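Novice: Got a structure for you, written out below as structure tokens; questions coming shortly.
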Amino acid sequence: MEHPASRAWIYFLQAYYLSTPAFYLLDRFCGINLRASYFDHKPALNLAYYTLSFVCGILCVAFRKITVLIGLFESILNIFLLILGFMLTYVAMIKSAADDAPDLEQHIITMQSAGNFVISGFIVVVSFYLNPLIRRARNAELEESAMNQ
């Protein structure tokens, strides 16, 4: 039987992915990008990311049992892209500083990208700990620890 807290987190993940159109509209019309900050200047990739996220939401509802896996894989991809984006920004900043006329303003890590990193990190942690394999291993670990005391 599923734990009620797990059910609540699964609904949270579903709502997170299904709310993607709201995040897209916030990004598109208000300039507040909390979900795909690494695609700021690439509108086609930005739209593709939001579409993929919304499809993840539909898959979470259609295949409820794999919601945590969808959240885990999407978040791992998201964090990989964020780390890559941070790394590329850092390298560009170093290169720009070495130039005769550096343009460091162009290569700043923004609050939006930091916020995106925090949101993605939270989703990956939730998805990781809701994963039945991880929970089963953790429960076995706790039971073994209790038996040894």
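A note on labels: chains of the structure tokens are A, B, ... as shown, every chain counts residues from 1, and ligands are counted from 1 in their shown order.
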Which neighbours of A:Tyr16 fall inside 8 Å, counting only C-alpha atoms, when residues of the same chain fewer than 4 positions from it are skipped, and could you give them as a PyMOL selection string?
Specialist: chain A and resi 12+20+57
Novice: Take the selection from the previous step and output its residues with N, CA, C and O atoms, as a compact mmCIF listing (two decimals), in the first residue's frame.
Specialist:
```txt
# COMPACT_ATOMS: atom_id res chain seq x y z
N PHE A 12 2.16 16.34 -6.35
CA PHE A 12 2.97 17.55 -6.49
C PHE A 12 3.79 17.51 -7.78
O PHE A 12 3.84 18.49 -8.53
N THR A 20 3.52 23.57 -16.46
CA THR A 20 4.52 24.08 -17.39
C THR A 20 4.00 25.21 -18.28
O THR A 20 4.73 26.19 -18.48
N GLY A 57 4.43 15.86 -17.82
CA GLY A 57 3.24 15.96 -16.98
C GLY A 57 2.13 15.04 -17.45
O GLY A 57 1.48 14.37 -16.65
```
Novice: DSSP on the backbone: which residues in stretch 6-76 of chain A end up as helix (DSSP H, G or I)? Give the answer as a ChimeraX atom specification.
Specialist: /A:6-18,20-30,37-39,43-62,64-76
Novice: Would you kindly return, as a PyMOL selection string, each protein, DNA or RNA residue with an atom no farther than 10 Å from any atom of A:Leu18, considering only C-alpha atoms and excluding same-chain residues fewer than 5 positions away?
Specialist: chain A and resi 12-13+23+53-61
Novice: Give me the residues near A:Leu72 as a PyMOL selection string, where near means some atom within 7 Å (using only C-alpha atoms) and where sequence neighbours in that chain fewer than 5 positions away do not count.
Specialist: chain A and resi 124+127-128
Novice: With only C-alpha atoms as the atoms that count, which of A:His41, A:Glu144, A:Ala8, A:Tyr50 lies nearest to A:Leu26?
Specialist: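 Closest candidate: A:Tyr50.
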Novice: Determine, counting only C-alpha atoms, which protein, DNA and RNA residues have an atom within 9 Å of an atom of stretch 28-33 of chain A; residues of the same chain fewer than 2 positions away are not included. Present the result as a PyMOL selection string.
Specialist: chain A and resi 23-26+35-37+40+112-113+115-116
Novice: Using only C-alpha atoms, tabulate the residues of stretch 39-98 of chain A lying at most 12 Å from any atom of stretch 131-139 of chain A, each with its closest atom pair and that distance in Å to one decimal, by chain and increasing residue number, as JSON lines.
Specialist:
```
{"residue": "A:Lys65", "atom": "CA", "partner": "A:Pro132", "partner_atom": "CA", "distance": 9.7}
{"residue": "A:Ile66", "atom": "CA", "partner": "A:Asn131", "partner_atom": "CA", "distance": 8.8}
{"residue": "A:Thr67", "atom": "CA", "partner": "A:Asn131", "partner_atom": "CA", "distance": 9.0}
{"residue": "A:Val68", "atom": "CA", "partner": "A:Asn131", "partner_atom": "CA", "distance": 5.6}
{"residue": "A:Leu69", "atom": "CA", "partner": "A:Asn131", "partner_atom": "CA", "distance": 6.8}
{"residue": "A:Ile70", "atom": "CA", "partner": "A:Asn131", "partner_atom": "CA", "distance": 10.1}
{"residue": "A:Gly71", "atom": "CA", "partner": "A:Asn131", "partner_atom": "CA", "distance": 9.6}
{"residue": "A:Leu72", "atom": "CA", "partner": "A:Asn131", "partner_atom": "CA", "distance": 8.2}
{"residue": "A:Phe73", "atom": "CA", "partner": "A:Asn131", "partner_atom": "CA", "distance": 11.2}
```
Novice: Would you work out the distance separating atom CA of A:Asp27 from atom CA of A:Ile94, expressed in Å to one decimal?
Specialist: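 Atom CA of A:Ile94 lies at a distance of 28.5 Å from atom CA of A:Asp27.
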